[in-house]
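Here is structure_20.cif, consisting of mmCIF, C-alpha atoms and all ligand atoms:
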```cif
data_query
#
loop_
_atom_site.label_atom_id
_atom_site.label_comp_id
_atom_site.auth_asym_id
_atom_site.auth_seq_id
_atom_site.Cartn_x
_atom_site.Cartn_y
_atom_site.Cartn_z
CA MET A 1 0.00 0.00 0.00
CA MET A 2 1.26 3.48 -0.87
CA GLY A 3 1.55 5.67 2.21
CA THR A 4 3.90 7.38 4.62
CA THR A 5 3.62 7.52 8.38
CA ALA A 6 4.76 10.23 10.76
CA HIS A 7 4.04 9.39 14.40
CA GLU A 8 0.34 8.44 14.38
CA LEU A 9 -0.36 10.10 11.03
CA LEU A 10 -0.93 7.98 7.92
CA ILE A 11 -0.94 9.50 4.46
CA ARG A 12 -2.57 7.19 1.90
CA GLN A 13 -4.57 7.25 -1.29
CA TYR A 14 -8.24 8.19 -1.14
CA ARG A 15 -10.58 5.22 -0.91
CA ASP A 16 -14.28 4.91 -1.60
CA GLU A 17 -14.94 4.45 2.14
CA ASP A 18 -13.56 8.00 2.72
CA PHE A 19 -16.31 9.58 0.61
CA THR A 20 -18.57 10.93 3.39
CA GLU A 21 -15.80 12.42 5.52
CA VAL A 22 -13.82 13.91 2.65
CA THR A 23 -16.97 15.42 1.14
CA ALA A 24 -17.80 17.04 4.49
CA LEU A 25 -14.29 18.54 4.66
CA GLU A 26 -14.39 19.67 1.02
CA SER A 27 -17.69 21.48 1.55
CA ALA A 28 -16.83 23.13 4.89
CA GLY A 29 -17.38 26.87 4.69
CA VAL A 30 -17.23 27.01 0.92
CA HIS A 31 -19.95 28.62 -1.15
CA GLU A 32 -21.09 27.23 -4.49
CA TYR A 33 -19.68 29.90 -6.82
CA TYR A 34 -16.21 29.52 -5.30
CA ARG A 35 -16.40 25.75 -5.73
CA SER A 36 -17.32 26.16 -9.40
CA ALA A 37 -14.54 28.69 -9.95
CA VAL A 38 -12.00 26.31 -8.41
CA PHE A 39 -13.26 23.46 -10.59
CA VAL A 40 -13.00 25.53 -13.78
CA ARG A 41 -9.47 26.75 -12.98
CA GLN A 42 -8.27 23.30 -11.98
CA MET A 43 -9.72 21.48 -14.96
CA ALA A 44 -8.35 24.12 -17.36
CA ALA A 45 -4.91 23.41 -15.86
CA LEU A 46 -5.20 19.62 -15.66
CA SER A 47 -7.15 18.68 -18.79
CA PRO A 48 -6.93 21.53 -21.31
CA ALA A 49 -7.25 19.28 -24.38
CA THR A 50 -10.55 17.88 -23.21
CA PHE A 51 -12.10 20.99 -21.65
CA LEU A 52 -14.25 22.17 -24.56
CA VAL A 53 -16.62 25.12 -24.93
CA ALA A 54 -19.35 25.79 -27.49
CA VAL A 55 -19.31 29.40 -28.64
CA SER A 56 -22.15 31.15 -30.49
CA GLY A 57 -21.04 34.55 -31.75
CA THR A 58 -19.11 35.81 -28.75
CA THR A 59 -21.10 33.90 -26.13
CA VAL A 60 -20.16 30.64 -24.49
CA VAL A 61 -23.35 28.61 -24.74
CA GLY A 62 -22.08 25.31 -23.40
CA PHE A 63 -19.11 23.39 -22.16
CA THR A 64 -17.92 19.91 -21.39
CA VAL A 65 -15.02 18.66 -19.30
CA GLY A 66 -13.37 15.33 -19.93
CA THR A 67 -10.39 13.94 -18.07
CA ILE A 68 -8.13 10.97 -18.67
CA VAL A 69 -7.53 8.60 -15.76
CA GLN A 70 -3.95 9.13 -14.59
CA ASP A 71 -3.33 5.49 -13.66
CA ASP A 72 -4.99 4.10 -16.79
CA PRO A 73 -4.87 6.41 -19.84
CA ALA A 74 -7.15 4.04 -21.78
CA GLN A 75 -9.97 5.27 -19.55
CA ALA A 76 -11.54 8.70 -19.22
CA TRP A 77 -14.46 10.40 -17.53
CA ILE A 78 -16.70 13.14 -18.80
CA LEU A 79 -17.17 15.25 -15.67
CA ARG A 80 -19.44 18.02 -16.95
CA MET A 81 -21.83 18.62 -19.84
CA MET A 82 -23.86 21.82 -19.83
CA VAL A 83 -25.74 23.82 -22.45
CA ARG A 84 -27.09 27.26 -21.56
CA ASP A 85 -30.86 27.60 -21.16
CA GLY A 86 -32.32 29.03 -24.36
CA PHE A 87 -29.76 27.23 -26.52
CA ARG A 88 -30.88 23.67 -25.82
CA HIS A 89 -32.51 21.38 -28.43
CA GLN A 90 -30.33 22.77 -31.21
CA GLY A 91 -27.73 19.99 -31.28
CA ILE A 92 -25.14 21.78 -29.15
CA GLY A 93 -25.02 19.06 -26.49
CA THR A 94 -24.62 16.42 -29.18
CA ALA A 95 -21.83 18.42 -30.85
CA LEU A 96 -20.00 18.89 -27.52
CA LEU A 97 -20.29 15.20 -26.64
CA ARG A 98 -19.09 14.10 -30.08
CA ALA A 99 -16.17 16.52 -29.89
CA ALA A 100 -15.24 15.28 -26.40
CA THR A 101 -15.39 11.59 -27.34
CA GLY A 102 -13.47 12.40 -30.54
CA VAL A 103 -10.62 14.16 -28.72
CA LEU A 104 -10.47 11.48 -26.04
CA HIS A 105 -10.34 8.80 -28.73
CA GLU A 106 -7.47 10.68 -30.44
CA HIS A 107 -5.68 10.44 -27.08
CA SER A 108 -6.02 6.62 -27.28
CA VAL A 109 -8.84 6.45 -24.75
CA LYS A 110 -10.85 3.25 -25.24
CA THR A 111 -13.49 3.59 -22.53
CA ILE A 112 -15.32 6.71 -21.37
CA TYR A 113 -17.46 6.86 -18.24
CA LEU A 114 -19.87 9.45 -16.96
CA THR A 115 -22.54 9.72 -14.29
CA VAL A 116 -26.06 11.03 -14.74
CA ALA A 117 -29.11 11.30 -12.49
CA PRO A 118 -31.67 8.66 -13.57
CA LYS A 119 -34.39 11.35 -13.63
CA ASN A 120 -32.35 13.57 -15.98
CA GLU A 121 -34.12 12.28 -19.08
CA PRO A 122 -32.71 14.75 -21.64
CA ALA A 123 -29.16 13.89 -20.61
CA VAL A 124 -29.77 10.13 -20.42
CA ARG A 125 -31.34 10.26 -23.92
CA LEU A 126 -28.38 12.22 -25.29
CA TYR A 127 -25.84 9.79 -23.88
CA ARG A 128 -27.77 6.70 -25.06
CA ARG A 129 -28.13 8.18 -28.54
CA GLU A 130 -24.37 8.74 -28.67
CA GLY A 131 -23.55 5.16 -27.75
CA PHE A 132 -23.21 5.28 -23.97
CA GLU A 133 -24.69 2.27 -22.18
CA GLN A 134 -25.82 2.01 -18.61
CA GLU A 135 -23.16 0.15 -16.66
CA SER A 136 -24.76 0.33 -13.20
CA LEU A 137 -27.07 2.27 -10.91
CA GLN A 138 -25.18 3.58 -7.88
CA PRO A 139 -27.53 4.45 -5.00
CA ALA A 140 -26.52 7.62 -3.08
CA TYR A 141 -23.46 8.01 -5.34
CA PHE A 142 -23.29 11.71 -4.45
CA GLY A 143 -24.89 11.23 -1.01
CA GLY A 144 -28.47 10.60 0.13
CA GLY A 145 -31.07 11.13 -2.60
CA GLU A 146 -28.41 11.51 -5.28
CA ASP A 147 -28.47 8.21 -7.15
CA ARG A 148 -26.55 8.05 -10.40
CA PHE A 149 -26.35 5.85 -13.46
CA ILE A 150 -22.77 5.11 -14.41
CA MET A 151 -22.74 5.08 -18.21
CA LYS A 152 -19.97 3.70 -20.39
CA TRP A 153 -18.84 4.25 -23.98
CA SER A 154 -16.36 1.86 -25.58
CA SER A 155 -14.54 2.34 -28.87
C1 LIG B 201 -28.36 17.46 -21.35
C2 LIG B 201 -28.02 18.70 -22.17
C3 LIG B 201 -26.51 18.93 -22.11
C4 LIG B 201 -28.44 18.46 -23.64
O1 LIG B 201 -28.01 19.58 -24.42
P1 LIG B 201 -28.76 20.00 -25.79
O2 LIG B 201 -27.91 21.01 -26.45
O3 LIG B 201 -30.18 20.32 -25.53
O4 LIG B 201 -28.68 18.61 -26.59
P2 LIG B 201 -29.11 18.38 -28.11
O5 LIG B 201 -29.75 19.60 -28.66
O6 LIG B 201 -27.95 17.83 -28.84
O7 LIG B 201 -30.19 17.23 -27.96
C5 LIG B 201 -31.36 17.45 -27.16
C6 LIG B 201 -32.63 17.16 -27.96
O8 LIG B 201 -32.82 18.15 -28.97
C7 LIG B 201 -33.03 17.52 -30.23
N1 LIG B 201 -32.51 18.40 -31.27
C8 LIG B 201 -31.22 18.56 -31.64
N2 LIG B 201 -31.14 19.47 -32.62
C9 LIG B 201 -32.40 19.90 -32.87
C10 LIG B 201 -32.96 20.84 -33.75
N3 LIG B 201 -32.20 21.52 -34.60
N4 LIG B 201 -34.30 21.04 -33.71
C11 LIG B 201 -35.08 20.36 -32.86
N5 LIG B 201 -34.61 19.45 -31.98
C12 LIG B 201 -33.27 19.22 -31.98
C13 LIG B 201 -32.28 16.22 -30.09
O9 LIG B 201 -32.73 15.26 -31.03
C14 LIG B 201 -32.61 15.85 -28.68
O10 LIG B 201 -33.92 15.32 -28.61
P3 LIG B 201 -34.36 14.20 -27.55
O11 LIG B 201 -33.84 14.65 -26.19
O12 LIG B 201 -35.83 14.18 -27.63
O13 LIG B 201 -33.71 12.94 -27.99
C15 LIG B 201 -28.80 19.95 -21.66
O14 LIG B 201 -30.15 19.61 -21.51
C16 LIG B 201 -28.28 20.52 -20.35
O15 LIG B 201 -27.34 21.31 -20.31
N6 LIG B 201 -28.92 20.12 -19.24
C17 LIG B 201 -28.54 20.67 -17.93
C18 LIG B 201 -27.21 20.14 -17.46
C19 LIG B 201 -27.21 18.65 -17.40
O16 LIG B 201 -28.16 18.03 -16.94
N7 LIG B 201 -26.11 18.08 -17.86
C20 LIG B 201 -25.91 16.66 -17.84
C21 LIG B 201 -25.37 16.26 -16.53
S1 LIG B 201 -24.91 14.56 -16.56
#
```

Produce structure tokens that represent the structure in this file.
Ligand SMILES: CC(C)(COP(=O)(O)OP(=O)(O)OC[C@H]1O[C@@H](n2cnc3c(N)ncnc32)[C@H](O)[C@@H]1OP(=O)(O)O)[C@@H](O)C(=O)NCCC(=O)NCCS
Amino acid sequence: MMGTTAHELLIRQYRDEDFTEVTALESAGVHEYYRSAVFVRQMAALSPATFLVAVSGTTVVGFTVGTIVQDDPAQAWILRMMVRDGFRHQGIGTALLRAATGVLHEHSVKTIYLTVAPKNEPAVRLYRREGFEQESLQPAYFGGGEDRFIMKWSS
């Protein structure tokens, strides 16, 4: 196991069993806009090739963030997919998703995962149409009441 000890302190990799406590720490005293700003800055630094925006005229009308798994570059996750209200149902989400899977594929990614709320029908339909299949239903994936489908695309 990777880890270093100093007195009673153990430093180790995050595990699934740490989810509740780490999430509580991550959310302590932080408001939502700040959290989003941190996410955008960090993903722009970590995954610039797969952080894509859709621009109409001079306005950003959507974005998607993909990231390649560090320990297994054949796998990736799409972490965000968002089209601005008023610009939906025009094919922008489809174009973003195709562009993201295309770039990830160019980077030799073979399998792409994402999560989606089962009740988010527009998103589930989009992903199914673009070849993502439901891999599992994870109850309380993001905490109580936040079940998620894990969906998978394979080249
Ligand atoms: C999910 C989401 C990204 C889809 O974006 P979108 O730009 O509306 O997606 P598309 O336009 O490509 O496809 C949506 C629908 O419009 C239809 N459509 C596409 N182009 C069209 C056009 N020119 N005219 C009419 N309908 C059109 C598609 O066929 C699709 O129909 P369906 O849902 O009945 O199958 C968007 O709803 C969104 O941002 N939701 C909020 C954030 C979210 O839930 N993200 C996913 C988290 S996992």

Around all the atoms of ligand LIG 201 (chain B) listed in the file, draw an axis-aligned box and extend it by 3 Å on each of the six sides; I want its centre and edge lengths in Å to one decimal, as JSON.
```
{"center_x": -30.4, "center_y": 17.2, "center_z": -25.6, "size_x": 16.9, "size_y": 14.6, "size_z": 24.1}
```

Go through chain A and flag each residue having an atom no more than 7 Å from ligand LIG 201 (chain B); for those, report the closest pair of atoms plus their distance in Å to one decimal, using only C-alpha atoms and all ligand atoms, ordered by chain and rising number, as CSV.
```
residue,atom,partner,partner_atom,distance
A:Arg80,CA,B:LIG201,C21,6.2
A:Met81,CA,B:LIG201,N7,4.7
A:Met82,CA,B:LIG201,O15,3.5
A:Val83,CA,B:LIG201,O15,3.7
A:Arg84,CA,B:LIG201,O15,6.1
A:Phe87,CA,B:LIG201,O2,6.5
A:Arg88,CA,B:LIG201,O3,3.4
A:His89,CA,B:LIG201,O8,3.3
A:Gln90,CA,B:LIG201,N2,3.7
A:Gly91,CA,B:LIG201,O6,3.3
A:Ile92,CA,B:LIG201,O2,3.9
A:Gly93,CA,B:LIG201,O2,3.5
A:Thr94,CA,B:LIG201,O6,3.6
A:Ala95,CA,B:LIG201,O6,6.5
A:Thr115,CA,B:LIG201,S1,5.8
A:Val116,CA,B:LIG201,S1,4.1
A:Ala117,CA,B:LIG201,S1,6.7
A:Asn120,CA,B:LIG201,O16,6.2
A:Pro122,CA,B:LIG201,O11,4.7
A:Ala123,CA,B:LIG201,C1,3.7
A:Arg125,CA,B:LIG201,O13,5.4
A:Leu126,CA,B:LIG201,O7,6.0
```

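Between atom CA of Glu121 of chain A and atom CA of Ser27 of chain A lies a distance of 27.9 Å.
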
As an MDAnalysis selection string, please: the residues near Leu104 of chain A (cut-off 8 Å, all atoms listed in the file, same-chain neighbours under 2 positions excluded). chainID A and resid 50 66 68 76 100:102 106:109

May I ask for the distance between atom CA of Ser136 of chain A and atom CA of Lys110 of chain A, given in Å to one decimal place? 18.6 Å

Using Å and a single decimal, report how far atom CA of Ala44 of chain A sits from atom CA of Ile78 of chain A. 13.9 Å

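Each of A:Asp147, A:Pro139, A:Asp18, A:Leu96 was checked against Lys119 of chain A using only C-alpha atoms; the smallest atom-to-atom distance is that of A:Asp147.
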
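Using all atoms listed in the file, the nearest neighbour of Trp77 of chain A within the list A:Met43, A:Val61, A:Ile112, A:Ser36 is A:Ile112.
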